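A.B. asks: Coordinates in input-v1.txt, compact mmCIF, C-alpha atoms, are listed below.
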# COMPACT_ATOMS: atom_id res chain seq x y z
CA MET A 643 -6.60 54.66 12.66
CA ASP A 644 -9.10 52.55 10.70
CA SER A 645 -12.57 51.96 12.15
CA TYR A 646 -15.16 49.29 11.31
CA LEU A 647 -18.93 49.44 11.32
CA ILE A 648 -20.85 46.15 11.26
CA GLN A 649 -24.51 46.40 10.33
CA VAL A 650 -27.04 43.53 10.30
CA ASN A 651 -29.48 43.78 7.39
CA GLY A 652 -32.49 41.52 7.09
CA ARG A 653 -35.75 41.86 5.33
CA GLY A 654 -38.67 39.74 4.29
CA ASP A 655 -37.87 36.02 4.09
CA HIS A 656 -34.14 36.54 3.54
CA ALA A 657 -31.68 35.61 6.26
CA PRO A 658 -29.89 38.53 7.92
CA VAL A 659 -26.53 39.38 6.41
CA LEU A 660 -23.58 41.25 7.80
CA ASP A 661 -22.48 44.39 5.97
CA VAL A 662 -18.97 45.47 6.88
CA HIS A 663 -18.11 49.07 6.10
CA LEU A 664 -14.48 50.11 6.28
CA LYS A 665 -13.66 53.69 7.17
CA SER A 666 -10.09 54.74 6.80
CA THR A 667 -8.31 57.89 7.75
CA GLY A 668 -6.21 57.51 4.61
CA ASN A 669 -7.22 56.54 1.11
CA THR A 670 -10.63 54.96 0.64
CA ILE A 671 -10.54 51.29 -0.32
CA SER A 672 -13.12 50.52 -3.00
CA PRO A 673 -14.28 46.94 -3.63
CA GLY A 674 -12.90 45.51 -6.86
CA LYS A 675 -10.23 48.19 -7.28
CA VAL A 676 -7.00 46.82 -5.82
CA LYS A 677 -4.08 48.92 -7.03
CA GLY A 678 -1.87 47.24 -9.64
CA ARG A 679 -4.09 44.21 -10.15
CA LYS A 680 -6.49 43.62 -12.96
CA PRO A 681 -8.96 40.88 -11.92
CA ARG A 682 -8.94 37.83 -14.17
CA TRP A 683 -9.60 34.11 -13.82
CA ALA A 684 -6.40 32.08 -13.41
CA VAL A 685 -7.27 28.87 -11.62
CA ARG A 686 -4.59 26.21 -12.01
CA ALA A 687 -3.97 22.80 -10.47
CA SER A 688 -1.35 22.79 -7.74
CA GLU A 689 2.19 21.54 -8.32
CA MET A 690 1.54 18.74 -5.83
CA SER A 691 -1.44 17.52 -7.81
CA LYS A 692 0.61 17.61 -11.02
CA LYS A 693 3.34 15.52 -9.40
CA THR A 694 0.87 12.91 -8.15
CA PHE A 695 1.04 9.88 -10.37
CA ASN A 696 -0.28 6.38 -9.72
CA PRO A 697 1.44 3.93 -12.10
CA VAL A 698 -1.20 1.23 -11.57
CA ARG A 699 -4.03 3.54 -12.55
CA ALA A 700 -2.02 5.02 -15.42
CA ILE A 701 -1.32 1.58 -16.90
CA VAL A 702 -4.67 -0.07 -16.15
CA ASP A 703 -6.72 2.91 -17.32
CA SER A 704 -4.81 2.96 -20.61
CA MET A 705 -5.61 -0.72 -21.25
CA LYS A 706 -8.59 -0.06 -23.46
CA VAL A 707 -9.56 -3.65 -24.03
CA GLU A 708 -12.87 -5.49 -23.86
CA PRO A 709 -13.08 -8.96 -22.29
CA ASN A 710 -14.26 -11.92 -24.34
CA PRO A 711 -18.08 -11.69 -24.23
CA LYS A 712 -18.35 -15.49 -24.37
CA LYS A 713 -16.45 -15.92 -21.08
CA ALA A 714 -17.29 -14.52 -17.66
CA MET A 715 -14.70 -12.08 -16.40
CA ILE A 716 -12.30 -13.36 -13.73
CA SER A 717 -10.38 -10.54 -12.07
CA LEU A 718 -7.16 -11.55 -10.35
CA SER A 719 -5.91 -7.98 -10.19
CA LEU A 720 -7.36 -6.24 -7.12
CA GLY A 721 -5.78 -6.72 -3.71
CA ASP A 722 -9.12 -6.55 -1.90
CA PRO A 723 -9.94 -9.81 -0.08
CA THR A 724 -13.63 -8.89 0.26
CA VAL A 725 -14.54 -8.77 -3.44
CA PHE A 726 -15.92 -12.28 -3.90
CA GLY A 727 -17.43 -12.80 -0.45
CA ASN A 728 -15.48 -16.00 0.21
CA LEU A 729 -13.30 -14.37 2.88
CA PRO A 730 -15.64 -12.59 5.33
CA THR A 731 -14.31 -11.06 8.52
CA ASN A 732 -14.99 -12.79 11.82
CA ASP A 733 -18.35 -12.37 13.60
CA GLU A 734 -16.52 -11.10 16.69
CA VAL A 735 -15.08 -8.25 14.61
CA THR A 736 -18.50 -7.30 13.26
CA ARG A 737 -20.16 -7.51 16.70
CA ALA A 738 -17.51 -5.25 18.18
CA VAL A 739 -18.35 -2.48 15.72
CA LYS A 740 -22.12 -2.98 16.13
CA GLU A 741 -21.86 -2.64 19.92
CA VAL A 742 -19.79 0.52 19.65
CA LEU A 743 -22.26 1.99 17.17
CA ASP A 744 -25.21 1.17 19.42
CA SER A 745 -23.47 2.68 22.45
CA GLY A 746 -23.45 6.14 20.90
CA GLN A 747 -20.20 6.90 22.73
CA TYR A 748 -17.92 7.25 19.69
CA ASN A 749 -19.79 9.70 17.46
CA GLY A 750 -17.66 12.75 18.15
CA TYR A 751 -14.21 13.97 17.28
CA ALA A 752 -11.26 11.99 18.62
CA PRO A 753 -7.73 13.33 19.16
CA SER A 754 -5.91 13.47 15.83
CA VAL A 755 -3.58 10.63 16.87
CA GLY A 756 -6.47 8.50 18.16
CA TYR A 757 -8.11 7.88 21.50
CA GLN A 758 -5.61 7.12 24.26
CA SER A 759 -7.40 3.87 25.19
CA CYS A 760 -7.31 2.69 21.57
CA ARG A 761 -3.61 3.49 21.24
CA GLU A 762 -3.06 1.49 24.42
CA ALA A 763 -4.96 -1.45 22.89
CA VAL A 764 -2.67 -1.47 19.84
CA ALA A 765 0.46 -1.04 21.98
CA THR A 766 -0.57 -3.94 24.22
CA TYR A 767 -1.28 -6.16 21.22
CA TYR A 768 2.12 -5.61 19.59
CA ASN A 769 4.25 -5.14 22.72
CA CYS A 770 6.98 -7.71 23.29
CA PRO A 771 10.28 -7.76 25.21
CA GLU A 772 12.29 -7.48 21.97
CA ALA A 773 10.34 -4.40 20.83
CA PRO A 774 8.49 -2.77 23.75
CA LEU A 775 5.62 -0.39 23.02
CA LYS A 776 3.55 2.07 25.00
CA ALA A 777 0.50 4.08 23.97
CA GLN A 778 2.62 7.14 23.15
CA ASP A 779 4.48 4.99 20.59
CA VAL A 780 1.28 4.50 18.56
CA ILE A 781 -0.27 6.90 16.05
CA LEU A 782 -3.66 5.80 14.70
CA THR A 783 -4.27 6.63 11.04
CA SER A 784 -6.87 6.38 8.31
CA GLY A 785 -5.67 3.04 6.97
CA CYS A 786 -2.11 1.86 6.43
CA SER A 787 -1.86 4.11 3.38
CA GLN A 788 -2.08 7.21 5.56
CA ALA A 789 0.38 5.66 7.99
CA ILE A 790 2.89 5.36 5.14
CA GLU A 791 2.13 8.90 4.00
CA LEU A 792 2.71 10.38 7.48
CA ALA A 793 5.88 8.33 7.97
CA LEU A 794 7.30 9.53 4.66
CA ALA A 795 6.27 13.12 5.34
CA VAL A 796 7.96 13.21 8.74
CA LEU A 797 11.21 11.54 7.60
CA ALA A 798 11.89 13.14 4.20
CA ASN A 799 12.09 16.65 2.80
CA PRO A 800 11.69 17.69 -0.84
CA GLY A 801 14.98 17.02 -2.60
CA GLN A 802 15.88 14.06 -0.43
CA ASN A 803 15.51 10.44 -1.59
CA ILE A 804 14.02 7.22 -0.26
CA LEU A 805 14.94 3.61 -1.06
CA VAL A 806 12.02 1.61 -2.45
CA PRO A 807 11.80 -2.09 -3.44
CA ARG A 808 11.54 -3.16 -7.08
CA PRO A 809 9.09 -4.79 -7.60
CA GLY A 810 7.17 -2.89 -4.96
CA PHE A 811 3.85 -1.37 -3.96
CA SER A 812 3.21 1.59 -6.27
CA LEU A 813 1.90 3.89 -3.52
CA TYR A 814 5.42 4.56 -2.22
CA LYS A 815 6.38 6.26 -5.46
CA THR A 816 3.03 8.00 -5.81
CA LEU A 817 3.33 9.61 -2.38
CA ALA A 818 7.03 10.43 -2.62
CA LEU A 819 6.88 12.15 -6.00
CA SER A 820 3.90 14.25 -4.93
CA MET A 821 6.03 15.48 -2.00
CA GLY A 822 9.05 16.27 -4.18
CA ILE A 823 11.00 13.30 -2.80
CA GLU A 824 13.20 11.29 -5.17
CA VAL A 825 12.66 7.52 -5.38
CA LYS A 826 15.62 5.15 -5.71
CA LEU A 827 14.65 1.58 -6.57
CA TYR A 828 16.59 -1.31 -5.07
CA ASN A 829 16.28 -4.75 -6.64
CA LEU A 830 14.58 -7.84 -5.27
CA LEU A 831 15.84 -11.18 -6.57
CA PRO A 832 13.23 -13.64 -7.86
CA GLU A 833 15.76 -16.47 -7.95
CA LYS A 834 16.23 -15.98 -4.17
CA ALA A 835 12.51 -15.88 -3.31
CA TRP A 836 12.54 -12.09 -3.71
CA GLU A 837 15.28 -11.35 -1.17
CA ILE A 838 16.85 -7.89 -1.39
CA ASP A 839 19.98 -7.44 -3.46
CA LEU A 840 21.88 -6.04 -0.47
CA GLU A 841 24.89 -4.85 -2.45
CA HIS A 842 22.66 -2.91 -4.84
CA LEU A 843 20.66 -1.51 -1.93
CA GLU A 844 23.70 -0.17 -0.13
CA SER A 845 25.15 1.31 -3.33
CA LEU A 846 22.12 3.62 -3.60
CA VAL A 847 22.60 5.32 -0.23
CA ASP A 848 23.94 8.86 -0.28
CA GLU A 849 23.90 11.94 1.94
CA LYS A 850 20.33 12.75 0.84
CA THR A 851 18.84 9.35 1.70
CA ALA A 852 16.05 9.88 4.23
CA CYS A 853 14.78 6.33 4.80
CA LEU A 854 14.66 2.73 3.61
CA ILE A 855 11.26 1.15 2.94
CA VAL A 856 11.07 -2.54 3.78
CA ASN A 857 7.83 -4.32 2.80
CA ASN A 858 7.53 -7.70 4.51
CA PRO A 859 5.49 -9.79 3.78
CA SER A 860 5.51 -8.36 0.29
CA ASN A 861 3.00 -6.89 -2.09
CA PRO A 862 3.31 -7.81 -4.98
CA CYS A 863 5.66 -10.74 -4.40
CA GLY A 864 4.02 -12.74 -1.63
CA SER A 865 7.50 -13.24 -0.19
CA VAL A 866 8.44 -13.42 3.49
CA PHE A 867 11.96 -12.51 4.62
CA SER A 868 13.83 -14.85 6.95
CA LYS A 869 15.20 -13.65 10.27
CA ARG A 870 18.72 -13.89 8.84
CA HIS A 871 17.88 -11.73 5.83
CA LEU A 872 16.12 -9.10 7.94
CA GLN A 873 19.24 -8.91 10.12
CA GLU A 874 21.32 -8.36 6.97
CA ILE A 875 18.98 -5.54 5.92
CA LEU A 876 19.23 -3.95 9.36
CA ALA A 877 23.03 -4.19 9.18
CA VAL A 878 22.96 -2.04 6.04
CA ALA A 879 20.62 0.47 7.70
CA SER A 880 22.83 0.59 10.78
CA ARG A 881 26.08 1.06 8.82
CA GLN A 882 24.57 3.82 6.74
CA CYS A 883 22.56 5.43 9.59
CA VAL A 884 19.32 5.24 7.58
CA PRO A 885 16.00 4.80 9.43
CA VAL A 886 13.56 2.11 8.30
CA LEU A 887 9.96 2.58 7.25
CA ALA A 888 8.52 -0.92 7.63
CA ASP A 889 5.33 -1.62 5.68
CA GLU A 890 3.99 -4.57 7.67
CA ILE A 891 0.32 -4.46 6.67
CA TYR A 892 0.58 -8.20 5.85
CA GLY A 893 2.29 -8.96 9.17
CA ASP A 894 1.49 -12.46 10.46
CA MET A 895 -0.15 -13.37 7.12
CA VAL A 896 2.36 -16.11 6.43
CA PHE A 897 1.85 -19.75 5.53
CA ALA A 898 2.36 -22.58 8.00
CA ASP A 899 5.84 -23.52 6.82
CA CYS A 900 7.13 -19.96 7.34
CA LYS A 901 7.62 -17.57 10.28
CA TYR A 902 6.95 -13.84 10.31
CA GLU A 903 9.50 -11.69 12.14
CA PRO A 904 8.55 -8.06 12.84
CA ILE A 905 11.68 -6.19 11.85
CA ALA A 906 11.69 -4.06 15.01
CA THR A 907 12.20 -7.16 17.16
CA LEU A 908 15.60 -7.72 15.56
CA SER A 909 17.32 -4.40 16.21
CA THR A 910 17.97 -2.13 19.15
CA ASN A 911 19.89 0.57 17.30
CA VAL A 912 18.01 1.21 14.03
CA PRO A 913 15.01 3.52 14.48
CA ILE A 914 11.92 2.09 12.78
CA LEU A 915 8.45 3.36 11.92
CA SER A 916 6.30 0.27 11.42
CA CYS A 917 3.06 0.77 9.48
CA GLY A 918 0.15 -1.64 9.80
CA GLY A 919 -3.60 -1.85 10.11
CA LEU A 920 -6.77 -3.94 10.09
CA ALA A 921 -7.23 -4.08 6.31
CA LYS A 922 -5.67 -7.40 5.33
CA ARG A 923 -5.35 -9.68 8.35
CA TRP A 924 -8.84 -8.84 9.59
CA LEU A 925 -10.25 -8.62 6.02
CA VAL A 926 -11.79 -5.13 6.38
CA PRO A 927 -9.86 -2.78 4.05
CA GLY A 928 -12.79 -0.38 3.78
CA TRP A 929 -12.81 0.35 7.49
CA ARG A 930 -9.69 2.51 7.08
CA MET A 931 -7.94 1.78 10.34
CA GLY A 932 -4.16 1.86 10.39
CA TRP A 933 -1.32 2.74 12.73
CA ILE A 934 2.31 3.74 13.03
CA LEU A 935 4.37 1.99 15.69
CA ILE A 936 7.40 4.05 16.75
CA HIS A 937 10.40 1.89 17.65
CA ASP A 938 13.29 4.02 18.86
CA ARG A 939 15.25 2.21 21.57
CA ARG A 940 18.29 4.53 21.26
CA ASP A 941 16.21 7.74 21.14
CA ILE A 942 17.52 8.58 17.69
CA PHE A 943 14.17 9.94 16.53
CA GLY A 944 13.85 11.81 19.81
CA ASN A 945 10.96 14.17 20.37
CA GLU A 946 11.37 15.76 16.95
CA ILE A 947 9.98 12.85 14.93
CA ARG A 948 7.27 12.10 17.49
CA ASP A 949 6.16 15.74 17.61
CA GLY A 950 6.31 15.89 13.82
CA LEU A 951 3.99 12.90 13.50
CA VAL A 952 1.54 14.49 15.93
CA ARG A 953 1.55 17.76 13.98
CA LEU A 954 1.11 15.97 10.65
CA SER A 955 -1.78 13.95 12.06
CA GLN A 956 -3.52 17.22 12.91
CA ARG A 957 -3.98 18.02 9.23
CA ILE A 958 -7.05 15.79 9.38
CA LEU A 959 -9.08 14.53 12.32
CA GLY A 960 -7.81 10.98 12.42
CA PRO A 961 -9.38 7.61 11.62
CA CYS A 962 -13.00 6.52 12.07
CA THR A 963 -14.00 6.80 15.73
CA ILE A 964 -16.47 3.89 15.52
CA VAL A 965 -13.71 1.49 14.47
CA GLN A 966 -11.38 3.01 17.07
CA GLY A 967 -13.92 2.21 19.75
CA ALA A 968 -14.02 -1.43 18.59
CA LEU A 969 -10.25 -1.83 18.31
CA GLU A 970 -9.54 -3.39 21.69
CA ARG A 971 -12.18 -6.07 21.19
CA ILE A 972 -11.12 -6.71 17.58
CA LEU A 973 -7.46 -7.12 18.51
CA HIS A 974 -7.89 -9.14 21.66
CA ARG A 975 -11.04 -11.20 21.05
CA THR A 976 -10.76 -12.33 17.44
CA PRO A 977 -10.41 -16.11 17.75
CA PRO A 978 -7.14 -17.68 16.55
CA GLU A 979 -9.02 -20.11 14.30
CA PHE A 980 -10.20 -17.16 12.18
CA TYR A 981 -6.61 -16.28 11.24
CA HIS A 982 -5.79 -19.96 10.76
CA ASN A 983 -8.75 -20.55 8.42
CA THR A 984 -7.94 -17.48 6.32
CA LEU A 985 -4.34 -18.56 5.89
CA SER A 986 -5.36 -22.13 5.07
CA ILE A 987 -7.51 -20.85 2.21
CA LEU A 988 -4.74 -18.57 0.93
CA LYS A 989 -2.13 -21.32 1.19
CA SER A 990 -4.37 -23.80 -0.66
CA ASN A 991 -5.04 -21.26 -3.42
CA ALA A 992 -1.33 -20.39 -3.64
CA ASP A 993 -0.39 -24.06 -3.99
CA LEU A 994 -3.06 -24.70 -6.63
CA CYS A 995 -2.08 -21.62 -8.60
CA TYR A 996 1.66 -22.27 -8.37
CA ALA A 997 1.29 -25.91 -9.47
CA ALA A 998 -1.02 -25.06 -12.38
CA LEU A 999 1.08 -22.18 -13.70
CA SER A 1000 4.35 -24.09 -13.27
CA ALA A 1001 3.07 -26.66 -15.76
CA ILE A 1002 2.49 -24.04 -18.47
CA PRO A 1003 5.34 -23.62 -20.99
CA GLY A 1004 6.59 -20.04 -21.07
CA LEU A 1005 5.59 -19.15 -17.50
CA GLN A 1006 7.74 -19.26 -14.37
CA PRO A 1007 5.79 -18.53 -11.17
CA VAL A 1008 7.69 -17.74 -7.97
CA ARG A 1009 6.27 -19.65 -5.01
CA PRO A 1010 4.80 -17.27 -2.40
CA ALA A 1011 5.21 -17.69 1.36
CA GLY A 1012 2.53 -15.29 2.58
CA ALA A 1013 0.38 -12.21 1.90
CA MET A 1014 -2.17 -12.55 -0.93
CA TYR A 1015 -0.14 -12.58 -4.14
CA LEU A 1016 1.95 -14.60 -6.53
CA MET A 1017 4.30 -13.24 -9.19
CA VAL A 1018 4.74 -14.98 -12.54
CA GLU A 1019 7.57 -14.45 -15.01
CA ILE A 1020 6.65 -14.40 -18.70
CA GLU A 1021 9.43 -15.85 -20.83
CA MET A 1022 8.89 -13.21 -23.47
CA GLU A 1023 11.16 -14.91 -26.01
CA HIS A 1024 8.48 -17.60 -26.29
CA PHE A 1025 5.72 -15.05 -26.91
CA PRO A 1026 7.29 -12.89 -29.62
CA GLU A 1027 4.01 -11.39 -30.82
CA PHE A 1028 3.79 -9.45 -27.54
CA GLU A 1029 6.09 -6.51 -26.89
CA ASN A 1030 5.85 -6.69 -23.09
CA ASP A 1031 3.82 -7.78 -20.08
CA VAL A 1032 1.21 -5.07 -20.65
CA GLU A 1033 0.40 -6.40 -24.13
CA PHE A 1034 0.42 -9.97 -22.82
CA THR A 1035 -2.11 -9.19 -20.08
CA GLU A 1036 -4.25 -7.09 -22.44
CA ARG A 1037 -4.62 -10.01 -24.81
CA LEU A 1038 -5.29 -12.34 -21.90
CA ILE A 1039 -8.28 -10.16 -21.07
CA SER A 1040 -9.58 -9.87 -24.61
CA GLU A 1041 -9.24 -13.58 -25.39
CA GLN A 1042 -9.82 -15.30 -22.05
CA SER A 1043 -11.48 -12.66 -19.82
CA VAL A 1044 -8.81 -13.12 -17.16
CA PHE A 1045 -7.37 -9.93 -15.68
CA CYS A 1046 -3.93 -10.14 -14.06
CA LEU A 1047 -1.95 -7.02 -13.24
CA PRO A 1048 1.12 -6.47 -15.45
CA ALA A 1049 4.16 -6.10 -13.22
CA THR A 1050 5.19 -2.96 -15.07
CA CYS A 1051 2.81 -1.44 -12.49
CA PHE A 1052 5.42 -2.42 -9.90
CA GLU A 1053 8.45 -1.29 -11.94
CA TYR A 1054 9.18 -4.90 -12.91
CA PRO A 1055 8.39 -5.65 -16.57
CA ASN A 1056 7.73 -9.08 -18.06
CA PHE A 1057 6.03 -10.47 -14.97
CA PHE A 1058 2.40 -10.39 -13.90
CA ARG A 1059 0.78 -10.53 -10.45
CA VAL A 1060 -1.99 -12.92 -9.45
CA VAL A 1061 -4.26 -12.25 -6.46
CA ILE A 1062 -4.98 -15.51 -4.62
CA THR A 1063 -7.99 -14.42 -2.52
CA VAL A 1064 -10.58 -15.57 -5.08
CA PRO A 1065 -12.65 -18.77 -4.60
CA GLU A 1066 -10.86 -22.03 -5.42
CA GLU A 1067 -13.01 -22.87 -8.43
CA MET A 1068 -12.25 -19.45 -9.88
CA ILE A 1069 -8.50 -19.96 -9.39
CA LEU A 1070 -8.70 -23.28 -11.24
CA GLU A 1071 -10.78 -21.85 -14.07
CA ALA A 1072 -8.47 -18.85 -14.44
CA CYS A 1073 -5.38 -21.08 -14.57
CA SER A 1074 -7.05 -23.29 -17.17
CA ARG A 1075 -7.76 -20.25 -19.33
CA ILE A 1076 -4.21 -18.93 -18.88
CA GLN A 1077 -2.93 -22.33 -20.03
CA GLU A 1078 -5.16 -22.23 -23.11
CA PHE A 1079 -3.96 -18.70 -23.87
CA CYS A 1080 -0.28 -19.61 -23.52
CA GLU A 1081 -0.62 -22.76 -25.62
CA MET A 1082 -2.23 -20.64 -28.34
CA HIS A 1083 0.62 -18.11 -28.44
CA TYR A 1084 3.67 -20.06 -27.28
CA GLN A 1085 6.53 -20.36 -29.74
CA GLY A 1086 9.55 -22.62 -29.38
CA VAL A 1087 12.94 -20.94 -29.71
CA GLU A 1088 13.17 -21.66 -33.44
CA GLY A 1089 9.60 -20.54 -34.10
CA ALA A 1090 10.16 -17.38 -32.14
CA GLN A 1091 13.31 -16.59 -34.12
CA ASP A 1092 11.46 -17.15 -37.40
CA LEU A 1093 8.70 -14.80 -36.27
CA GLU A 1094 11.25 -12.15 -35.34
CA CYS A 1095 12.82 -12.44 -38.81
CA ASP A 1096 9.43 -11.97 -40.46
CA LYS A 1097 8.82 -8.69 -38.64
Would you put the structure from the file into C-alpha cells?
C.D. replies:
Amino acid sequence: MDSYLIQVNGRGDHAPVLDVHLKSTGNTISPGKVKGRKPRWAVRASEMSKKTFNPVRAIVDSMKVEPNPKKAMISLSLGDPTVFGNLPTNDEVTRAVKEVLDSGQYNGYAPSVGYQSCREAVATYYNCPEAPLKAQDVILTSGCSQAIELALAVLANPGQNILVPRPGFSLYKTLALSMGIEVKLYNLLPEKAWEIDLEHLESLVDEKTACLIVNNPSNPCGSVFSKRHLQEILAVASRQCVPVLADEIYGDMVFADCKYEPIATLSTNVPILSCGGLAKRWLVPGWRMGWILIHDRRDIFGNEIRDGLVRLSQRILGPCTIVQGALERILHRTPPEFYHNTLSILKSNADLCYAALSAIPGLQPVRPAGAMYLMVEIEMEHFPEFENDVEFTERLISEQSVFCLPATCFEYPNFFRVVITVPEEMILEACSRIQEFCEMHYQGVEGAQDLECDK
C-alpha cells in the first residue's frame, strides 16, 4: 500500500511550501521519468477553437482599406445603438443599477441560472395567457448571445444539423460549427419583405435536423413577420417535429404600422426556446443580460431539456449579479414613452434612409419594419468594375469614408446592410455620399456591356 508524507518547509522571507513525498511498496516513482514517455513541448490549439469562425470578422478584417482622409468616417456597420450617444438608455434603467450597486446586496455569486426573484421578474414581464411562464421557465444568461449558445448546445449534438436563415445573423453559424453541428441555410425572400421561403425550408429537414432558428424581428433585414407567416412557419415545424429556437432580441422593436407577435403565443404544440435580453430594446448591450424562455405546453422537452440547460449554465457562473438585481425595476418601471421615443427615432431614420437610397440608380433598398437595420441590393450589372458587394463596400470606404457591412457577411452576396441608429444628420450625409459614389461608378446596361467586353 502506498503511503504519503506531507512536509511544510519555510525559511527566511519565503512562503511555506508543501513537499509531498511518495513512498511505494513497489517500484519507486521518480519525477520526470514516466515510463514510455519522452517529455517534449506539444501545445496545440483545440479542435473547437479551429472550428470557430466568425464570417463578419473574417471579411471585415480582410478589408485592408483606408478611408478618404478628406472626409470624416461614418460607420453604418456596427449594430450597437450606444456608439454615437444619440440613443441613451432611460434614467430609470440607470437609477435601478445605481441603487443595486449602492445596496451592496448583489456582490456575490448567484445561482448559475440566475436569482429566483430575477427569473420571476422576467417570467412576470413576458407571461400571457397564450404563452404562460413561471420562474422555472426562465434561464438568465450573459447576454442573448449566450442564450443562443446554450439553446443550441442543449438541442443539437455534433453531426446533427440546424436550419438557419439566409441572410441571417452570423453568430448562429459561428457557434454551430464550433460545436460540430452542420448549418443548413434556408432562404428569405427580399421581394416578400424577407419572408421565409417555406418550401425551401421544409425541403432541408431530415432525420438529423435538431432545430429551426427563427429570427424575428430580423438582423440583418429589419423585417417583421406577420402573424399569418409565423403560423405558416410553425406549421412546418409541427409537421416535421422540429423544435424552434426563436431569436427575439429585437422583440417589440417594431415600427408603428406593424405588430410584433412572439412566436410562442401562436402555438401550443411546438416546443420553443425563446432567446432575448436587455441589449437592444433597453439600449444597454454591454450590460450582458439575456434570457431563455422555455415554452413547452405539451411537455415535449420534458425534464431532459430543462435539466440540460441548468447543467450547461453551470459551466460559468451566470450573468452579472448587479444587473440581475436591477432587472425587476428595469422591466416594470421603464416608462412606455422611452420605448416610443426610441422607435420614433429609428422609424424616422429608416424612412429617410429608404427614401434617399431608393432614389439612387443601381440600388434597391428593402423597406424595414423594425429592429435597427436596412438591407440594400446592389444591381451589380450597373457597377461592372466591382466583382461583388465586398469590393463595392471597400471602395465606398476608400472614396467616401462610409462603412456599410457587405451582406456576404450574412451569406447573402450583392447586398449591403445599413445600421439606422446613427444621428439623423449622419444618415443624411452618408446617403448623400453613397449617391455621389454610385453616380461616379454607375453604368447603363450598354456601358456595362462595353466595359465587360474590354476586360
A.B. asks: List as a PyMOL selection string the residues having at least one atom at most 8 Å from position (11.8, 8.5, -1.8) as given in the file, counting only C-alpha atoms.
C.D. replies: chain A and resi 794+798+802-806+814-815+818-819+823-826+851-853
A.B. asks: In Å, how far is it from CA of Leu887 (chain A) to CA of Cys917 (chain A)?
C.D. replies: 7.5 Å
A.B. asks: Taking all atoms listed in the file into account, name the residue in A:Val1018, A:Leu782, A:Ile838, A:Ile914 that is nearest to Leu959 (chain A).
C.D. replies: A:Leu782
A.B. asks: Just to confirm, what's the straight-line distance from CA of Ser759 (chain A) to CA of Ala789 (chain A) in Å (one decimal)?
C.D. replies: 19.0 Å
A.B. asks: Can you measure CA of Phe1058 (chain A) to CA of Arg808 (chain A) for me? One decimal in Å is fine.
C.D. replies: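 Computing it gives 13.5 Å between the two atoms.
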A.B. asks: Leaving out Pro1055 (chain A) and any residue of its chain fewer than 6 positions from it, which residues lie within 9 Å of it when counting only C-alpha atoms, given as a ChimeraX atom specification?
C.D. replies: /A:1019,1030-1032,1048-1049
A.B. asks: Using all atoms listed in the file, pick whichever of A:Cys863, A:Ala795, A:Leu985, A:Leu925 has the shortest atom-to-atom distance to Ala835 (chain A).
C.D. replies: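 Comparing A:Cys863, A:Ala795, A:Leu985, A:Leu925 against Ala835 (chain A), the winner is A:Cys863.
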A.B. asks: Using all atoms listed in the file, find the one residue out of A:Pro709, A:Pro885, A:Gly919, A:Gly967 that sits nearest to Phe943 (chain A).
C.D. replies: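 Checking each candidate against Phe943 (chain A), we get A:Pro885 as the closest.
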A.B. asks: What's around region 856-859 of chain A at 8 Å? Count only C-alpha atoms, leave out sequence neighbours fewer than 5 positions away in its own chain, and write the answer as an mmCIF file with C-alpha atoms, in the coordinates of the input.
C.D. replies:
data_model
loop_
_atom_site.group_PDB
_atom_site.id
_atom_site.type_symbol
_atom_site.label_atom_id
_atom_site.label_comp_id
_atom_site.auth_asym_id
_atom_site.auth_seq_id
_atom_site.Cartn_x
_atom_site.Cartn_y
_atom_site.Cartn_z
ATOM 1 C CA VAL A 806 12.020 1.610 -2.450
ATOM 2 C CA PRO A 807 11.800 -2.090 -3.440
ATOM 3 C CA GLY A 810 7.170 -2.890 -4.960
ATOM 4 C CA GLY A 864 4.020 -12.740 -1.630
ATOM 5 C CA SER A 865 7.500 -13.240 -0.190
ATOM 6 C CA VAL A 866 8.440 -13.420 3.490
ATOM 7 C CA PHE A 867 11.960 -12.510 4.620
ATOM 8 C CA VAL A 886 13.560 2.110 8.300
ATOM 9 C CA LEU A 887 9.960 2.580 7.250
ATOM 10 C CA ALA A 888 8.520 -0.920 7.630
ATOM 11 C CA ASP A 889 5.330 -1.620 5.680
ATOM 12 C CA GLU A 890 3.990 -4.570 7.670
ATOM 13 C CA ILE A 891 0.320 -4.460 6.670
ATOM 14 C CA TYR A 892 0.580 -8.200 5.850
ATOM 15 C CA GLY A 893 2.290 -8.960 9.170
ATOM 16 C CA MET A 895 -0.150 -13.370 7.120
ATOM 17 C CA VAL A 896 2.360 -16.110 6.430
ATOM 18 C CA TYR A 902 6.950 -13.840 10.310
ATOM 19 C CA GLY A 1012 2.530 -15.290 2.580
ATOM 20 C CA ALA A 1013 0.380 -12.210 1.900
#
A.B. asks: List as number ranges by chain the residues having at least one atom at most 12 Å from position (-9.1, -4.8, 9.4) as given in the file, counting all atoms listed in the file.
C.D. replies: A: 722-724, 730-732, 735-736, 739, 784-786, 891-892, 918-933, 965-966, 968-969, 972-973, 976, 981
A.B. asks: Give the centre and edge lengths of an axis-aligned box, in Å to one decimal, that holds all listed atoms of region 1050-1066 of chain A with 5 Å on each side, as lines of an AutoDock Vina configuration file.
C.D. replies:
center_x = -1.7
center_y = -11.7
center_z = -10.3
size_x = 31.8
size_y = 30.7
size_z = 25.5
A.B. asks: Given all atoms listed in the file as the basis, pick out the residue of A:Arg971, A:His1024, A:Lys901, A:Arg737 nearest to Val764 (chain A).
C.D. replies: A:Arg971
A.B. asks: Which one is closest to Val780 (chain A): A:Pro1007, A:Ala998, A:Ser916, A:Lys869? Count all atoms listed in the file.
C.D. replies: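 Of all the options, A:Ser916 lies closest to Val780 (chain A).
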A.B. asks: Go through A:Pro832, A:Pro753, A:Pro978, A:Pro862 and flag the residue nearest Arg957 (chain A), using only C-alpha atoms for the distances.
C.D. replies: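 Of A:Pro832, A:Pro753, A:Pro978, A:Pro862, the one nearest Arg957 (chain A) is A:Pro753, counting only C-alpha atoms.
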